[in-house]
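Here's model-v7.txt, which has compact mmCIF, C-alpha atoms and all ligand atoms:
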```
# COMPACT_ATOMS: atom_id res chain seq x y z
CA MET A 1 -12.42 20.43 6.01
CA ARG A 2 -10.37 21.90 3.20
CA VAL A 3 -6.72 20.93 2.79
CA ASP A 4 -4.38 22.70 0.38
CA ILE A 5 -1.25 20.69 -0.44
CA LEU A 6 1.78 22.48 -1.87
CA THR A 7 4.09 20.05 -3.61
CA ILE A 8 6.35 19.62 -6.64
CA PHE A 9 4.97 16.06 -7.02
CA PRO A 10 1.16 16.33 -7.05
CA GLU A 11 0.90 13.02 -8.92
CA MET A 12 2.08 11.21 -5.79
CA PHE A 13 -1.30 11.93 -4.18
CA THR A 14 -3.65 10.60 -6.84
CA GLY A 15 -3.80 6.96 -5.73
CA PHE A 16 -4.15 7.95 -2.09
CA LEU A 17 -6.91 10.50 -2.68
CA ASN A 18 -8.91 8.16 -4.90
CA THR A 19 -8.93 5.12 -2.62
CA SER A 20 -11.20 3.83 0.15
CA ILE A 21 -12.12 6.09 3.05
CA ILE A 22 -10.32 9.18 1.75
CA LYS A 23 -12.11 8.88 -1.58
CA ARG A 24 -15.47 8.50 0.17
CA ALA A 25 -14.84 11.46 2.47
CA ARG A 26 -14.15 13.60 -0.61
CA GLU A 27 -17.23 12.33 -2.42
CA GLN A 28 -19.33 13.14 0.64
CA GLY A 29 -17.92 16.65 0.71
CA ARG A 30 -16.43 16.16 4.18
CA LEU A 31 -12.89 16.53 2.84
CA GLU A 32 -11.89 18.87 0.05
CA VAL A 33 -8.30 18.55 -1.21
CA ASN A 34 -6.68 21.17 -3.39
CA LEU A 35 -3.36 20.07 -4.92
CA VAL A 36 -1.12 22.98 -5.81
CA ASN A 37 1.99 22.53 -7.91
CA ILE A 38 4.62 24.85 -6.43
CA ARG A 39 6.21 25.11 -9.89
CA ALA A 40 3.18 27.08 -11.05
CA TYR A 41 4.57 29.89 -8.87
CA ALA A 42 8.15 29.75 -10.20
CA ARG A 43 9.02 32.93 -12.04
CA ASN A 44 12.03 31.71 -14.03
CA LYS A 45 11.52 30.12 -17.43
CA HIS A 46 12.66 26.65 -16.34
CA ARG A 47 10.13 26.61 -13.50
CA ASN A 48 12.86 25.91 -10.94
CA VAL A 49 11.83 26.31 -7.33
CA ASP A 50 15.25 25.52 -5.82
CA ASP A 51 18.69 27.14 -5.80
CA TYR A 52 22.19 26.74 -4.35
CA PRO A 53 22.67 27.38 -0.63
CA PHE A 54 24.23 30.73 0.35
CA GLY A 55 27.50 29.97 2.11
CA GLY A 56 28.03 26.85 0.02
CA GLY A 57 27.48 23.23 0.92
CA PRO A 58 25.81 20.22 -0.62
CA GLY A 59 22.41 20.04 -2.26
CA MET A 60 19.77 22.55 -3.18
CA VAL A 61 17.44 24.69 -1.09
CA MET A 62 13.77 25.29 -1.83
CA GLN A 63 13.23 28.99 -2.52
CA ALA A 64 10.96 31.18 -0.43
CA GLU A 65 9.18 33.12 -3.16
CA PRO A 66 7.15 30.36 -4.87
CA LEU A 67 5.90 29.16 -1.48
CA PHE A 68 4.96 32.68 -0.36
CA LEU A 69 3.14 33.37 -3.63
CA ALA A 70 1.25 30.08 -3.44
CA VAL A 71 0.12 30.58 0.16
CA GLU A 72 -0.84 34.22 -0.51
CA ASP A 73 -2.98 32.99 -3.40
CA LEU A 74 -4.70 30.39 -1.22
CA LEU A 75 -5.32 32.48 1.89
CA PRO A 76 -7.13 35.79 1.74
CA ALA A 77 -5.54 38.29 4.15
CA GLY A 78 -8.22 37.64 6.78
CA GLU A 79 -7.65 33.92 6.80
CA THR A 80 -3.89 33.89 7.42
CA ALA A 81 -4.28 34.26 11.16
CA ARG A 82 -6.81 31.41 11.49
CA THR A 83 -5.41 28.78 9.11
CA PRO A 84 -2.50 26.58 10.15
CA VAL A 85 0.27 26.64 7.55
CA ILE A 86 2.15 23.44 8.24
CA LEU A 87 5.60 22.59 6.93
CA MET A 88 6.32 18.89 6.71
CA SER A 89 9.85 18.76 8.09
CA PRO A 90 12.23 16.30 9.76
CA GLN A 91 12.84 19.04 12.34
CA GLY A 92 9.17 19.32 13.29
CA GLU A 93 7.22 18.22 16.32
CA VAL A 94 6.61 14.46 16.07
CA PHE A 95 3.06 13.72 14.93
CA ASN A 96 0.74 11.80 17.24
CA GLN A 97 -2.95 11.08 17.77
CA GLU A 98 -3.42 14.16 19.95
CA MET A 99 -2.15 16.38 17.12
CA ALA A 100 -4.45 14.57 14.68
CA GLU A 101 -7.42 15.38 16.95
CA GLU A 102 -6.37 19.00 17.19
CA LEU A 103 -5.99 19.37 13.41
CA ALA A 104 -9.33 17.63 12.81
CA ARG A 105 -11.03 20.57 14.57
CA GLU A 106 -9.70 23.05 11.96
CA GLU A 107 -11.74 24.17 9.00
CA HIS A 108 -8.78 24.67 6.68
CA LEU A 109 -5.16 23.44 6.59
CA VAL A 110 -2.27 24.29 4.30
CA LEU A 111 0.39 21.58 4.08
CA ILE A 112 3.76 22.39 2.51
CA CYS A 113 5.83 19.43 1.31
CA GLY A 114 9.54 20.20 1.34
CA HIS A 115 12.08 18.64 -0.95
CA TYR A 116 15.79 18.90 -1.67
CA GLU A 117 18.14 19.36 1.30
CA GLY A 118 15.96 21.96 2.89
CA VAL A 119 13.72 24.99 2.71
CA ASP A 120 14.76 28.66 2.86
CA GLU A 121 14.58 29.62 6.53
CA ARG A 122 12.38 32.66 5.77
CA VAL A 123 9.55 30.23 4.98
CA ARG A 124 9.71 29.08 8.61
CA LEU A 125 10.11 32.58 9.97
CA ALA A 126 7.32 34.35 8.10
CA LEU A 127 4.98 31.85 6.47
CA VAL A 128 4.76 28.65 8.47
CA THR A 129 2.86 28.40 11.76
CA ARG A 130 3.78 24.82 12.60
CA GLU A 131 6.34 22.17 11.58
CA ILE A 132 5.49 18.50 11.76
CA SER A 133 7.64 15.35 11.40
CA ILE A 134 6.14 11.86 11.27
CA GLY A 135 9.06 10.19 13.05
CA ASP A 136 12.78 9.66 13.23
CA TYR A 137 13.69 8.22 9.84
CA VAL A 138 14.85 9.96 6.68
CA LEU A 139 12.44 10.22 3.73
CA THR A 140 13.00 11.91 0.37
CA GLY A 141 10.32 14.57 0.85
CA GLY A 142 7.24 15.70 2.70
CA GLU A 143 4.62 14.09 0.45
CA LEU A 144 4.24 10.80 2.33
CA PRO A 145 4.15 12.64 5.68
CA ALA A 146 1.38 14.91 4.29
CA MET A 147 -0.61 11.82 3.30
CA VAL A 148 -0.10 10.33 6.76
CA ILE A 149 -1.52 13.47 8.36
CA ILE A 150 -4.48 13.69 5.98
CA ASP A 151 -5.24 10.02 6.59
CA ALA A 152 -5.12 10.31 10.39
CA VAL A 153 -7.15 13.54 10.38
CA THR A 154 -9.79 12.53 7.83
CA ARG A 155 -10.93 9.47 9.76
CA LEU A 156 -11.65 11.79 12.71
CA LEU A 157 -13.91 14.14 10.73
CA PRO A 158 -17.59 13.90 11.67
CA GLY A 159 -19.42 11.28 9.60
CA VAL A 160 -16.36 9.82 7.86
CA LEU A 161 -16.34 6.56 9.83
CA GLY A 162 -19.75 4.91 10.17
CA ALA A 163 -20.36 4.83 13.92
CA PRO A 164 -19.17 7.82 15.92
CA GLU A 165 -17.52 5.42 18.40
CA GLY A 166 -15.46 3.82 15.63
CA ALA A 167 -12.69 6.36 15.90
CA ARG A 168 -12.75 6.66 19.68
CA GLU A 169 -12.76 3.00 20.64
CA ASP A 170 -9.49 1.94 19.07
CA SER A 171 -6.16 1.37 20.69
CA PHE A 172 -4.38 4.69 20.57
CA ALA A 173 -7.48 6.52 21.69
CA MET A 174 -7.79 4.10 24.63
CA GLY A 175 -4.06 4.26 25.23
CA LEU A 176 -3.55 0.49 24.99
CA LEU A 177 -2.53 -1.73 22.09
CA GLU A 178 -5.27 -3.93 20.69
CA TYR A 179 -6.27 -7.36 21.91
CA PRO A 180 -5.89 -10.38 19.54
CA GLN A 181 -8.73 -10.87 17.07
CA TYR A 182 -9.99 -14.00 15.35
CA THR A 183 -12.56 -14.86 12.71
CA ARG A 184 -13.67 -18.12 11.07
CA PRO A 185 -12.60 -20.86 10.88
CA ARG A 186 -12.25 -21.96 14.53
CA SER A 187 -9.33 -24.15 13.57
CA PHE A 188 -6.80 -23.09 10.93
CA ARG A 189 -3.81 -25.35 10.20
CA GLY A 190 -3.94 -26.64 13.74
CA LEU A 191 -4.10 -23.15 15.26
CA GLU A 192 -7.19 -22.83 17.45
CA VAL A 193 -9.27 -19.82 18.44
CA PRO A 194 -9.00 -19.28 22.23
CA GLU A 195 -11.84 -21.16 23.94
CA VAL A 196 -13.06 -18.11 25.89
CA LEU A 197 -14.06 -16.34 22.64
CA LEU A 198 -16.39 -19.23 21.77
CA SER A 199 -17.90 -19.42 25.26
CA GLY A 200 -20.61 -16.79 24.84
CA ASN A 201 -19.69 -15.50 28.31
CA HIS A 202 -19.43 -11.81 27.56
CA GLU A 203 -18.06 -10.79 30.93
CA GLN A 204 -15.25 -13.33 30.63
CA ILE A 205 -14.58 -12.25 27.04
CA ARG A 206 -14.36 -8.59 28.08
CA ARG A 207 -11.92 -9.43 30.86
CA TRP A 208 -9.77 -11.66 28.59
CA ARG A 209 -9.52 -8.93 25.95
CA ARG A 210 -8.63 -6.29 28.52
CA GLN A 211 -5.90 -8.53 29.95
CA GLN A 212 -4.51 -9.35 26.49
CA ALA A 213 -4.39 -5.65 25.66
CA LEU A 214 -2.67 -4.89 28.96
CA GLU A 215 -0.13 -7.69 28.58
CA ARG A 216 0.65 -6.80 24.96
CA THR A 217 1.13 -3.14 25.88
CA TRP A 218 3.32 -4.11 28.85
CA ARG A 219 5.56 -6.21 26.59
CA ARG A 220 5.74 -4.03 23.48
CA ARG A 221 5.02 -0.45 24.52
CA PRO A 222 5.45 -0.13 28.29
CA ASP A 223 5.85 3.64 27.75
CA LEU A 224 2.12 3.83 26.93
CA LEU A 225 1.04 2.37 30.29
CA ALA A 226 2.08 5.50 32.17
CA ARG A 227 -0.78 7.44 30.53
CA VAL A 228 -3.56 4.83 30.71
CA GLU A 229 -6.33 4.81 33.29
CA LEU A 230 -5.98 1.52 35.15
CA SER A 231 -8.70 -0.05 37.27
CA PRO A 232 -7.77 -1.86 40.49
CA GLU A 233 -8.30 -5.12 38.56
CA ASP A 234 -5.92 -3.93 35.79
CA ARG A 235 -3.29 -3.13 38.42
CA ARG A 236 -3.60 -6.53 40.06
CA PHE A 237 -3.16 -8.17 36.66
CA LEU A 238 -0.08 -6.09 35.75
CA GLU A 239 1.47 -6.67 39.19
CA GLU A 240 1.04 -10.39 38.55
CA ILE A 241 2.94 -10.16 35.21
CA ASN A 242 5.57 -8.02 36.90
CA ARG A 243 6.05 -10.62 39.62
CA ARG A 244 6.45 -13.32 36.98
CA GLU A 245 8.55 -11.44 34.46
CA GLY A 246 10.16 -8.31 35.88
CA GLU A 247 9.51 -4.65 36.44
CA LYS A 248 8.00 -2.48 33.70
CA THR A 249 4.86 -0.87 35.21
CA PRO A 250 4.58 2.38 37.15
C1 LIG B 301 21.02 15.86 4.30
C2 LIG B 301 19.58 16.08 4.41
N1 LIG B 301 18.94 15.78 5.66
C3 LIG B 301 19.63 15.65 6.88
C4 LIG B 301 19.26 14.32 7.51
C5 LIG B 301 17.90 16.76 5.77
C6 LIG B 301 16.67 16.29 5.14
C7 LIG B 301 15.92 17.15 4.39
C8 LIG B 301 14.73 16.72 3.81
C9 LIG B 301 16.22 14.99 5.30
C10 LIG B 301 15.03 14.56 4.71
C11 LIG B 301 14.31 15.43 3.96
C12 LIG B 301 13.03 14.99 3.38
N2 LIG B 301 12.07 14.64 4.46
C13 LIG B 301 11.04 15.40 4.74
O1 LIG B 301 10.81 16.39 4.09
C14 LIG B 301 10.18 15.03 5.85
C15 LIG B 301 10.26 13.98 6.82
C16 LIG B 301 11.20 12.92 7.00
O2 LIG B 301 12.20 12.74 6.28
N3 LIG B 301 11.00 12.07 8.05
C17 LIG B 301 9.94 12.17 8.90
N4 LIG B 301 9.05 13.15 8.76
C18 LIG B 301 9.22 14.03 7.74
S1 LIG B 301 8.20 15.31 7.43
C19 LIG B 301 9.07 15.81 6.12
```
Before we go any further, please render this structure as structure tokens.
Amino acid sequence: MRVDILTIFPEMFTGFLNTSIIKRAREQGRLEVNLVNIRAYARNKHRNVDDYPFGGGPGMVMQAEPLFLAVEDLLPAGETARTPVILMSPQGEVFNQEMAEELAREEHLVLICGHYEGVDERVRLALVTREISIGDYVLTGGELPAMVIIDAVTRLLPGVLGAPEGAREDSFAMGLLEYPQYTRPRSFRGLEVPEVLLSGNHEQIRRWRRQQALERTWRRRPDLLARVELSPEDRRFLEEINRREGEKTP
């Protein structure tokens, strides 16, 4: 997959792109990242890419022209229809695992990182095909959100994680939060590893983990339970917690 990132702060990406799994994916040629400084497309001598808002008001607005010129440079006419041009924006659709899976199936993405108080509306109207937010909190720009998306998408690309199950088996893909995990030593400062995990009884271990995941999800993220496939045994277990502690399950 190729990802073009349009930003006025390309240096923010260097640590991220040169670390761990993202670095390896790039070295393996599974991820190709092209950092584009929007200022390179500014036509005034101070390389400004923002201006005052028409109608007045606080702050500055990112201009349309540098973003149009940059995207037109990156996408040949035939590719504009196929390639998602994504604006990182607090007003976007909230990012989730399903969107990560969808984006991981694309061959090419263009991510635009906004800054200042906003972006000229004509960018949305005539350049951008999708707007994505990473959640309801206020950041200073779209660079961290772009990294979040690249991170979530890259680990889904074929061959990036060792085993192909690696990506599928974990909590959000299963719809439940994870069960508690332990490693050596068995006893740490008086805190013991649950006996069942030392028992060697794999059926009991499987059931304990499933129940821990169910109980943890019920307590912390009951909203997730509505979309999980529950076995009759799962339902009996959740009904038991409900009886003890109150109603939260469908
Ligand atoms: C007065 C300015 N803001 C009203 C709350 C608008 C605003 C514009 C730009 C607020 C933040 C930003 C910078 N943030 C992003 O560009 C951004 C973002 C975010 O702040 N939170 C979650 N996801 C995203 S994606 C891009």
Given 12 Å and all atoms listed in the file, residues near ligand LIG 301 (chain B) as a ChimeraX atom specification:
/A:7,57-62,86-96,111-120,130-149
Could you state the separation of CA of Glu11 (chain A) and CA of Lys23 (chain A) in Å, given to one decimal place?
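Between CA of Glu11 (chain A) and CA of Lys23 (chain A) the gap is 15.5 Å.
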Counting only C-alpha atoms, what is within 12 Å of Glu247 (chain A), bar same-chain residues fewer than 4 positions away, as a list in words?
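My reading of the contact set: Trp218, Arg219, Pro222, Leu238, Glu239, Glu240, Ile241, Asn242 and Arg243 of chain A.
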If we count all atoms listed in the file, what is near region 70-75 of chain A at a cut-off of 8 Å, once residues fewer than 6 positions away on the same chain are taken out, given as a list in words?
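Residues near the query, excluding close chain neighbours: Asp4, Leu6, Val36, Ile38, Tyr41 and Val110 of chain A.
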As an exercise, work out the distance from CA of Arg220 (chain A) to CA of Gln204 (chain A) in Å and give it to one decimal place.
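CA of Gln204 (chain A) lies 24.0 Å from CA of Arg220 (chain A).
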Which protein, DNA or RNA residues are at most 10 Å from (14.2, 28.3, -9.3) in the file's coordinates when you count all atoms listed in the file, listed as a list in words?
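Residues close enough to count: Arg39, Tyr41, Ala42, Arg43, Asn44, Lys45, His46, Arg47, Asn48, Val49, Asp50, Asp51, Tyr52, Val61, Met62, Gln63, Ala64, Glu65 and Pro66 of chain A.
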Any idea what the distance is between CA of Leu69 (chain A) and CA of Gly55 (chain A)?
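Taking CA of Leu69 (chain A) as the start and CA of Gly55 (chain A) as the end point, the length is 25.3 Å.
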Within 10 Å of Gly175 (chain A), counting only C-alpha atoms, which residues qualify if same-chain residues fewer than 6 places away don't, as a list of chain:residue names?
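Contacts, in chain order: A:Glu169, A:Ala213, A:Leu214, A:Thr217, A:Leu224, A:Leu225, A:Ala226, A:Arg227, A:Val228, A:Glu229.
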Choose the residue, out of A:Ala100, A:Leu230, A:Ala40, A:Ile5, that has the smallest atom-to-atom separation from Thr154 (chain A); count all atoms listed in the file.
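Of all the options, A:Ala100 lies closest to Thr154 (chain A).
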Would you pick out the contacts of Ile21 (chain A) at 9 Å or less, using all atoms listed in the file, so that residues sharing its chain but fewer than 4 positions from it are not included, and give the list as an mmCIF file with C-alpha atoms, in the frame of the given file?
```cif
data_model
loop_
_atom_site.group_PDB
_atom_site.id
_atom_site.type_symbol
_atom_site.label_atom_id
_atom_site.label_comp_id
_atom_site.auth_asym_id
_atom_site.auth_seq_id
_atom_site.Cartn_x
_atom_site.Cartn_y
_atom_site.Cartn_z
ATOM 1 C CA LEU A 17 -6.910 10.500 -2.680
ATOM 2 C CA ALA A 25 -14.840 11.460 2.470
ATOM 3 C CA ARG A 26 -14.150 13.600 -0.610
ATOM 4 C CA ASP A 151 -5.240 10.020 6.590
ATOM 5 C CA THR A 154 -9.790 12.530 7.830
ATOM 6 C CA ARG A 155 -10.930 9.470 9.760
ATOM 7 C CA VAL A 160 -16.360 9.820 7.860
ATOM 8 C CA LEU A 161 -16.340 6.560 9.830
#
```
Can you work out which one of A:Glu245, A:Arg207, A:Leu198, A:Asn37 has the shortest atom-to-atom distance to Tyr182 (chain A), counting only C-alpha atoms?
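Of A:Glu245, A:Arg207, A:Leu198, A:Asn37, the one nearest Tyr182 (chain A) is A:Leu198, counting only C-alpha atoms.
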Residue nearest Leu103 (chain A) - candidates A:Glu195, A:Pro10, A:Val3, A:Gly190, atoms counted: all atoms listed in the file
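Comparing A:Glu195, A:Pro10, A:Val3, A:Gly190 against Leu103 (chain A), the winner is A:Val3.
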